[in-house]
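Reproduced below: upload-v1.txt, with compact mmCIF, all heavy atoms.
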# COMPACT_ATOMS: atom_id res chain seq x y z
N MET A 1 32.15 -5.55 4.31
CA MET A 1 31.93 -4.27 3.66
C MET A 1 30.67 -4.32 2.79
O MET A 1 29.88 -3.39 2.80
CB MET A 1 33.17 -3.94 2.82
CG MET A 1 33.14 -2.59 2.22
SD MET A 1 33.20 -1.37 3.52
CE MET A 1 33.26 0.09 2.60
N HIS A 2 30.53 -5.41 2.04
CA HIS A 2 29.37 -5.55 1.17
C HIS A 2 28.08 -5.58 1.99
O HIS A 2 27.09 -4.96 1.64
CB HIS A 2 29.49 -6.81 0.32
CG HIS A 2 28.31 -7.08 -0.55
ND1 HIS A 2 28.03 -6.32 -1.66
CD2 HIS A 2 27.33 -8.00 -0.47
CE1 HIS A 2 26.93 -6.77 -2.23
NE2 HIS A 2 26.48 -7.79 -1.52
N LEU A 3 28.11 -6.30 3.10
CA LEU A 3 26.94 -6.39 3.97
C LEU A 3 26.55 -5.02 4.51
O LEU A 3 25.36 -4.67 4.53
CB LEU A 3 27.23 -7.35 5.12
CG LEU A 3 26.09 -7.58 6.11
CD1 LEU A 3 24.93 -8.27 5.42
CD2 LEU A 3 26.57 -8.41 7.27
N ALA A 4 27.52 -4.25 4.91
CA ALA A 4 27.23 -2.90 5.43
C ALA A 4 26.66 -2.00 4.33
O ALA A 4 25.71 -1.25 4.57
CB ALA A 4 28.50 -2.28 6.00
N ALA A 5 27.20 -2.09 3.14
CA ALA A 5 26.69 -1.27 2.03
C ALA A 5 25.26 -1.65 1.68
O ALA A 5 24.42 -0.78 1.44
CB ALA A 5 27.60 -1.43 0.81
N CYS A 6 24.97 -2.95 1.67
CA CYS A 6 23.60 -3.41 1.40
C CYS A 6 22.64 -2.96 2.49
O CYS A 6 21.51 -2.55 2.20
CB CYS A 6 23.56 -4.92 1.26
SG CYS A 6 24.31 -5.51 -0.26
N ALA A 7 23.08 -3.02 3.73
CA ALA A 7 22.23 -2.60 4.85
C ALA A 7 21.90 -1.12 4.74
O ALA A 7 20.74 -0.72 4.92
CB ALA A 7 22.92 -2.89 6.17
N VAL A 8 22.87 -0.31 4.41
CA VAL A 8 22.63 1.13 4.26
C VAL A 8 21.70 1.41 3.09
O VAL A 8 20.77 2.22 3.20
CB VAL A 8 23.97 1.89 4.10
CG1 VAL A 8 23.74 3.33 3.69
CG2 VAL A 8 24.77 1.82 5.38
N ALA A 9 21.91 0.73 1.98
CA ALA A 9 21.07 0.95 0.80
C ALA A 9 19.62 0.53 1.07
O ALA A 9 18.68 1.26 0.74
CB ALA A 9 21.62 0.17 -0.39
N HIS A 10 19.43 -0.63 1.70
CA HIS A 10 18.08 -1.08 1.99
C HIS A 10 17.40 -0.19 3.02
O HIS A 10 16.19 0.07 2.93
CB HIS A 10 18.09 -2.53 2.48
CG HIS A 10 18.22 -3.51 1.37
ND1 HIS A 10 19.43 -3.92 0.89
CD2 HIS A 10 17.28 -4.13 0.63
CE1 HIS A 10 19.22 -4.78 -0.10
NE2 HIS A 10 17.93 -4.92 -0.28
N LEU A 11 18.13 0.31 3.98
CA LEU A 11 17.56 1.23 4.96
C LEU A 11 17.10 2.52 4.28
O LEU A 11 16.00 3.01 4.54
CB LEU A 11 18.59 1.55 6.04
CG LEU A 11 18.13 2.50 7.15
CD1 LEU A 11 17.00 1.86 7.94
CD2 LEU A 11 19.29 2.85 8.06
N ALA A 12 17.92 3.04 3.38
CA ALA A 12 17.56 4.26 2.66
C ALA A 12 16.32 4.05 1.79
O ALA A 12 15.41 4.90 1.77
CB ALA A 12 18.73 4.73 1.80
N VAL A 13 16.25 2.92 1.09
CA VAL A 13 15.08 2.63 0.25
C VAL A 13 13.84 2.49 1.12
O VAL A 13 12.76 3.00 0.78
CB VAL A 13 15.32 1.36 -0.58
CG1 VAL A 13 14.04 0.88 -1.23
CG2 VAL A 13 16.37 1.62 -1.64
N GLY A 14 13.96 1.83 2.26
CA GLY A 14 12.82 1.66 3.15
C GLY A 14 12.30 2.97 3.70
O GLY A 14 11.09 3.21 3.74
N VAL A 15 13.19 3.83 4.12
CA VAL A 15 12.79 5.14 4.65
C VAL A 15 12.13 5.97 3.56
O VAL A 15 11.09 6.61 3.77
CB VAL A 15 14.00 5.87 5.27
CG1 VAL A 15 13.66 7.32 5.58
CG2 VAL A 15 14.47 5.15 6.52
N LEU A 16 12.70 5.98 2.38
CA LEU A 16 12.14 6.73 1.27
C LEU A 16 10.76 6.19 0.88
O LEU A 16 9.82 6.96 0.67
CB LEU A 16 13.08 6.70 0.05
CG LEU A 16 12.61 7.45 -1.18
CD1 LEU A 16 12.49 8.94 -0.88
CD2 LEU A 16 13.56 7.22 -2.33
N ALA A 17 10.63 4.88 0.81
CA ALA A 17 9.35 4.27 0.45
C ALA A 17 8.29 4.60 1.49
O ALA A 17 7.15 4.92 1.16
CB ALA A 17 9.50 2.76 0.30
N ARG A 18 8.65 4.52 2.77
CA ARG A 18 7.69 4.84 3.82
C ARG A 18 7.24 6.29 3.72
O ARG A 18 6.06 6.60 3.86
CB ARG A 18 8.31 4.58 5.20
CG ARG A 18 7.34 4.89 6.32
CD ARG A 18 7.92 4.58 7.66
NE ARG A 18 9.24 5.20 7.81
CZ ARG A 18 9.98 5.07 8.88
NH1 ARG A 18 9.59 4.33 9.88
NH2 ARG A 18 11.15 5.66 8.95
N THR A 19 8.18 7.19 3.44
CA THR A 19 7.85 8.60 3.32
C THR A 19 6.91 8.85 2.15
O THR A 19 5.91 9.57 2.27
CB THR A 19 9.13 9.44 3.14
OG1 THR A 19 9.99 9.18 4.24
CG2 THR A 19 8.82 10.90 3.06
N VAL A 20 7.20 8.25 1.01
CA VAL A 20 6.38 8.46 -0.19
C VAL A 20 5.01 7.81 -0.04
O VAL A 20 3.99 8.43 -0.33
CB VAL A 20 7.10 7.92 -1.44
CG1 VAL A 20 6.17 7.89 -2.64
CG2 VAL A 20 8.33 8.75 -1.74
N LEU A 21 4.98 6.57 0.46
CA LEU A 21 3.72 5.85 0.53
C LEU A 21 2.81 6.36 1.65
O LEU A 21 1.60 6.18 1.60
CB LEU A 21 3.97 4.35 0.70
CG LEU A 21 4.66 3.70 -0.50
CD1 LEU A 21 4.91 2.23 -0.21
CD2 LEU A 21 3.83 3.85 -1.76
N ARG A 22 3.38 6.99 2.65
CA ARG A 22 2.56 7.56 3.72
C ARG A 22 1.72 8.74 3.21
O ARG A 22 0.60 8.94 3.64
CB ARG A 22 3.44 8.02 4.87
CG ARG A 22 2.66 8.48 6.08
CD ARG A 22 3.55 8.92 7.18
NE ARG A 22 4.30 7.79 7.72
CZ ARG A 22 5.33 7.89 8.51
NH1 ARG A 22 5.78 9.07 8.86
NH2 ARG A 22 5.95 6.82 8.95
N THR A 23 2.27 9.49 2.27
CA THR A 23 1.56 10.67 1.77
C THR A 23 0.63 10.34 0.60
O THR A 23 -0.28 11.10 0.32
CB THR A 23 2.55 11.76 1.33
OG1 THR A 23 3.39 11.24 0.30
CG2 THR A 23 3.39 12.21 2.50
N ARG A 24 0.86 9.24 -0.06
CA ARG A 24 0.04 8.87 -1.23
C ARG A 24 -0.62 7.53 -0.98
O ARG A 24 -0.06 6.47 -1.25
CB ARG A 24 0.92 8.80 -2.47
CG ARG A 24 1.53 10.13 -2.79
CD ARG A 24 2.24 10.10 -4.10
NE ARG A 24 2.78 11.42 -4.38
CZ ARG A 24 3.83 11.64 -5.09
NH1 ARG A 24 4.49 10.64 -5.62
NH2 ARG A 24 4.26 12.86 -5.30
N LEU A 25 -1.85 7.58 -0.49
CA LEU A 25 -2.54 6.34 -0.13
C LEU A 25 -2.87 5.48 -1.34
O LEU A 25 -2.84 4.26 -1.25
CB LEU A 25 -3.80 6.68 0.65
CG LEU A 25 -3.56 7.33 2.02
CD1 LEU A 25 -4.88 7.65 2.69
CD2 LEU A 25 -2.71 6.44 2.89
N SER A 26 -3.17 6.11 -2.46
CA SER A 26 -3.48 5.31 -3.65
C SER A 26 -2.24 4.56 -4.14
O SER A 26 -2.33 3.41 -4.58
CB SER A 26 -4.03 6.20 -4.77
OG SER A 26 -3.08 7.18 -5.14
N ALA A 27 -1.08 5.18 -4.02
CA ALA A 27 0.16 4.50 -4.40
C ALA A 27 0.44 3.35 -3.43
O ALA A 27 0.89 2.28 -3.85
CB ALA A 27 1.32 5.49 -4.40
N ALA A 28 0.15 3.55 -2.16
CA ALA A 28 0.37 2.49 -1.17
C ALA A 28 -0.53 1.29 -1.47
O ALA A 28 -0.09 0.14 -1.38
CB ALA A 28 0.10 3.02 0.23
N ARG A 29 -1.78 1.56 -1.83
CA ARG A 29 -2.69 0.47 -2.19
C ARG A 29 -2.20 -0.28 -3.42
O ARG A 29 -2.26 -1.51 -3.49
CB ARG A 29 -4.10 1.01 -2.42
CG ARG A 29 -4.93 1.02 -1.17
CD ARG A 29 -6.38 1.35 -1.48
NE ARG A 29 -6.69 2.53 -0.68
CZ ARG A 29 -6.94 3.74 -1.14
NH1 ARG A 29 -6.97 3.96 -2.43
NH2 ARG A 29 -7.18 4.73 -0.33
N ALA A 30 -1.73 0.46 -4.40
CA ALA A 30 -1.23 -0.16 -5.64
C ALA A 30 -0.01 -1.03 -5.35
O ALA A 30 0.10 -2.16 -5.85
CB ALA A 30 -0.90 0.90 -6.67
N VAL A 31 0.91 -0.53 -4.55
CA VAL A 31 2.11 -1.30 -4.20
C VAL A 31 1.71 -2.56 -3.45
O VAL A 31 2.26 -3.65 -3.69
CB VAL A 31 3.08 -0.44 -3.37
CG1 VAL A 31 4.17 -1.28 -2.74
CG2 VAL A 31 3.69 0.65 -4.24
N THR A 32 0.76 -2.45 -2.54
CA THR A 32 0.31 -3.62 -1.77
C THR A 32 -0.29 -4.67 -2.69
O THR A 32 0.01 -5.87 -2.57
CB THR A 32 -0.74 -3.19 -0.72
OG1 THR A 32 -0.13 -2.26 0.17
CG2 THR A 32 -1.26 -4.36 0.06
N ARG A 33 -1.12 -4.25 -3.63
CA ARG A 33 -1.74 -5.20 -4.56
C ARG A 33 -0.73 -5.86 -5.48
O ARG A 33 -0.76 -7.07 -5.71
CB ARG A 33 -2.82 -4.50 -5.37
CG ARG A 33 -4.03 -4.18 -4.53
CD ARG A 33 -5.12 -3.55 -5.34
NE ARG A 33 -6.26 -3.26 -4.48
CZ ARG A 33 -7.05 -2.23 -4.62
NH1 ARG A 33 -6.85 -1.39 -5.61
NH2 ARG A 33 -8.06 -2.05 -3.79
N VAL A 34 0.18 -5.07 -6.00
CA VAL A 34 1.19 -5.62 -6.91
C VAL A 34 2.11 -6.58 -6.17
O VAL A 34 2.41 -7.68 -6.66
CB VAL A 34 2.00 -4.49 -7.58
CG1 VAL A 34 3.23 -5.02 -8.30
CG2 VAL A 34 1.12 -3.72 -8.54
N SER A 35 2.55 -6.20 -4.98
CA SER A 35 3.44 -7.10 -4.24
C SER A 35 2.72 -8.38 -3.83
O SER A 35 3.31 -9.47 -3.86
CB SER A 35 4.03 -6.40 -3.01
OG SER A 35 3.02 -6.08 -2.09
N GLY A 36 1.44 -8.28 -3.48
CA GLY A 36 0.67 -9.48 -3.16
C GLY A 36 0.53 -10.40 -4.36
O GLY A 36 0.69 -11.62 -4.24
N ALA A 37 0.23 -9.82 -5.51
CA ALA A 37 0.10 -10.63 -6.72
C ALA A 37 1.43 -11.30 -7.09
O ALA A 37 1.46 -12.47 -7.49
CB ALA A 37 -0.37 -9.75 -7.88
N LEU A 38 2.53 -10.58 -6.92
CA LEU A 38 3.84 -11.16 -7.22
C LEU A 38 4.18 -12.28 -6.25
O LEU A 38 4.76 -13.30 -6.65
CB LEU A 38 4.92 -10.08 -7.20
CG LEU A 38 4.88 -9.11 -8.37
CD1 LEU A 38 5.90 -8.00 -8.17
CD2 LEU A 38 5.13 -9.82 -9.67
N MET A 39 3.83 -12.12 -4.98
CA MET A 39 4.08 -13.19 -4.01
C MET A 39 3.28 -14.45 -4.36
O MET A 39 3.79 -15.57 -4.24
CB MET A 39 3.74 -12.74 -2.59
CG MET A 39 4.73 -11.80 -2.02
SD MET A 39 6.30 -12.66 -1.83
CE MET A 39 7.15 -11.51 -0.82
N ILE A 40 2.03 -14.27 -4.77
CA ILE A 40 1.21 -15.41 -5.17
C ILE A 40 1.81 -16.09 -6.41
O ILE A 40 1.88 -17.31 -6.49
CB ILE A 40 -0.24 -14.97 -5.43
CG1 ILE A 40 -0.89 -14.59 -4.10
CG2 ILE A 40 -1.04 -16.06 -6.13
CD1 ILE A 40 -2.25 -13.92 -4.23
N ALA A 41 2.28 -15.28 -7.36
CA ALA A 41 2.90 -15.84 -8.57
C ALA A 41 4.17 -16.61 -8.24
O ALA A 41 4.39 -17.71 -8.77
CB ALA A 41 3.20 -14.72 -9.57
N VAL A 42 4.99 -16.08 -7.37
CA VAL A 42 6.22 -16.78 -6.98
C VAL A 42 5.88 -18.08 -6.26
O VAL A 42 6.48 -19.13 -6.52
CB VAL A 42 7.11 -15.87 -6.09
CG1 VAL A 42 8.22 -16.66 -5.44
CG2 VAL A 42 7.69 -14.73 -6.91
N GLY A 43 4.90 -18.02 -5.37
CA GLY A 43 4.48 -19.24 -4.66
C GLY A 43 3.95 -20.30 -5.62
O GLY A 43 4.26 -21.48 -5.48
N ALA A 44 3.14 -19.87 -6.58
CA ALA A 44 2.61 -20.82 -7.57
C ALA A 44 3.73 -21.42 -8.40
O ALA A 44 3.75 -22.62 -8.67
CB ALA A 44 1.60 -20.12 -8.46
N PHE A 45 4.68 -20.60 -8.80
CA PHE A 45 5.83 -21.10 -9.57
C PHE A 45 6.61 -22.13 -8.77
O PHE A 45 6.98 -23.19 -9.30
CB PHE A 45 6.73 -19.93 -9.98
CG PHE A 45 8.01 -20.37 -10.62
CD1 PHE A 45 8.02 -20.81 -11.94
CD2 PHE A 45 9.20 -20.37 -9.91
CE1 PHE A 45 9.19 -21.24 -12.53
CE2 PHE A 45 10.38 -20.80 -10.49
CZ PHE A 45 10.38 -21.23 -11.81
N LEU A 46 6.87 -21.83 -7.50
CA LEU A 46 7.63 -22.77 -6.67
C LEU A 46 6.86 -24.08 -6.46
O LEU A 46 7.45 -25.15 -6.45
CB LEU A 46 7.96 -22.12 -5.33
CG LEU A 46 8.99 -20.99 -5.38
CD1 LEU A 46 9.11 -20.33 -4.02
CD2 LEU A 46 10.33 -21.50 -5.86
N LEU A 47 5.55 -23.97 -6.31
CA LEU A 47 4.74 -25.17 -6.14
C LEU A 47 4.77 -26.04 -7.40
O LEU A 47 4.98 -27.26 -7.33
CB LEU A 47 3.30 -24.80 -5.79
CG LEU A 47 2.32 -25.95 -5.61
CD1 LEU A 47 2.74 -26.79 -4.41
CD2 LEU A 47 0.92 -25.42 -5.42
N VAL A 48 4.61 -25.41 -8.56
CA VAL A 48 4.63 -26.15 -9.82
C VAL A 48 6.01 -26.77 -10.03
O VAL A 48 6.13 -27.93 -10.44
CB VAL A 48 4.26 -25.22 -11.00
CG1 VAL A 48 4.58 -25.87 -12.33
CG2 VAL A 48 2.79 -24.84 -10.92
N GLU A 49 7.06 -26.01 -9.73
CA GLU A 49 8.41 -26.54 -9.87
C GLU A 49 8.64 -27.73 -8.96
O GLU A 49 9.25 -28.72 -9.36
CB GLU A 49 9.41 -25.42 -9.56
CG GLU A 49 10.85 -25.82 -9.78
CD GLU A 49 11.80 -24.69 -9.42
OE1 GLU A 49 11.65 -24.12 -8.31
OE2 GLU A 49 12.66 -24.38 -10.23
N ARG A 50 8.14 -27.66 -7.75
CA ARG A 50 8.32 -28.76 -6.79
C ARG A 50 7.55 -30.00 -7.21
O ARG A 50 8.04 -31.11 -7.09
CB ARG A 50 7.84 -28.28 -5.42
CG ARG A 50 7.89 -29.32 -4.36
CD ARG A 50 8.91 -28.92 -3.39
NE ARG A 50 8.85 -29.80 -2.23
CZ ARG A 50 9.88 -30.01 -1.48
NH1 ARG A 50 11.00 -29.40 -1.75
NH2 ARG A 50 9.80 -30.81 -0.46
N LEU A 51 6.31 -29.80 -7.72
CA LEU A 51 5.51 -30.94 -8.14
C LEU A 51 6.05 -31.57 -9.42
O LEU A 51 5.93 -32.78 -9.61
CB LEU A 51 4.06 -30.51 -8.33
CG LEU A 51 3.31 -30.09 -7.05
CD1 LEU A 51 1.92 -29.57 -7.41
CD2 LEU A 51 3.23 -31.23 -6.07
N ALA A 52 6.63 -30.77 -10.29
CA ALA A 52 7.14 -31.28 -11.57
C ALA A 52 8.49 -31.96 -11.40
O ALA A 52 8.83 -32.87 -12.18
CB ALA A 52 7.27 -30.14 -12.58
N GLY A 53 9.26 -31.54 -10.43
CA GLY A 53 10.62 -32.07 -10.33
C GLY A 53 10.75 -33.03 -9.25
O GLY A 53 11.40 -33.91 -8.98

As structure tokens, what does this structure read like?
Amino acid sequence: MHLAACAVAHLAVGVLARTVLRTRLSAARAVTRVSGALMIAVGAFLLVERLAG
């Protein structure tokens, strides 16, 4: 049940995000940059954690 509820929620968020970001190119660029920066930060954190531990 939980898996189905999560699947429905993520599908709804994905469809909504695609609809909003398709019409607003500046927002799409901002989301892309922020998500890229966060991925780099997470990767750096994991690398530092791995090297330290």

**Request:** Can you work out the spacing between atom C of Ala4 of chain A and atom NH2 of Arg18 of chain A in Å, to one decimal?
**Result:** 17.9 Å

**Item:** For Val31 of chain A: contacts at 4.5 Å, all atoms listed in the file, fewer than 4 positions along chain excluded, given as a PyMOL selection string
**Value:** chain A and resi 21+27+35

Just write the chosen residues, all heavy atoms, as a PDB file, in the coordinates of the input.
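part_39.pdb, written as the output of this step:
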ATOM      1  N   LEU A  21       4.980   6.570   0.460  1.00  0.00           N
ATOM      2  CA  LEU A  21       3.720   5.850   0.530  1.00  0.00           C
ATOM      3  C   LEU A  21       2.810   6.360   1.650  1.00  0.00           C
ATOM      4  O   LEU A  21       1.600   6.180   1.600  1.00  0.00           O
ATOM      5  CB  LEU A  21       3.970   4.350   0.700  1.00  0.00           C
ATOM      6  CG  LEU A  21       4.660   3.700  -0.500  1.00  0.00           C
ATOM      7  CD1 LEU A  21       4.910   2.230  -0.210  1.00  0.00           C
ATOM      8  CD2 LEU A  21       3.830   3.850  -1.760  1.00  0.00           C
ATOM      9  N   ALA A  27      -1.080   5.180  -4.020  1.00  0.00           N
ATOM     10  CA  ALA A  27       0.160   4.500  -4.400  1.00  0.00           C
ATOM     11  C   ALA A  27       0.440   3.350  -3.430  1.00  0.00           C
ATOM     12  O   ALA A  27       0.890   2.280  -3.850  1.00  0.00           O
ATOM     13  CB  ALA A  27       1.320   5.490  -4.400  1.00  0.00           C
ATOM     14  N   SER A  35       2.550  -6.200  -4.980  1.00  0.00           N
ATOM     15  CA  SER A  35       3.440  -7.100  -4.240  1.00  0.00           C
ATOM     16  C   SER A  35       2.720  -8.380  -3.830  1.00  0.00           C
ATOM     17  O   SER A  35       3.310  -9.470  -3.860  1.00  0.00           O
ATOM     18  CB  SER A  35       4.030  -6.400  -3.010  1.00  0.00           C
ATOM     19  OG  SER A  35       3.020  -6.080  -2.090  1.00  0.00           O
TER      20      SER A  35
END

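For the atom pair formed by atom CA of Thr32 of chain A and atom CA of Ala17 of chain A, the distance is 12.2 Å, given to one decimal.
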
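Pairwise distance (atom CB of Ser26 of chain A, atom N of Ala44 of chain A) equals 27.1 Å.
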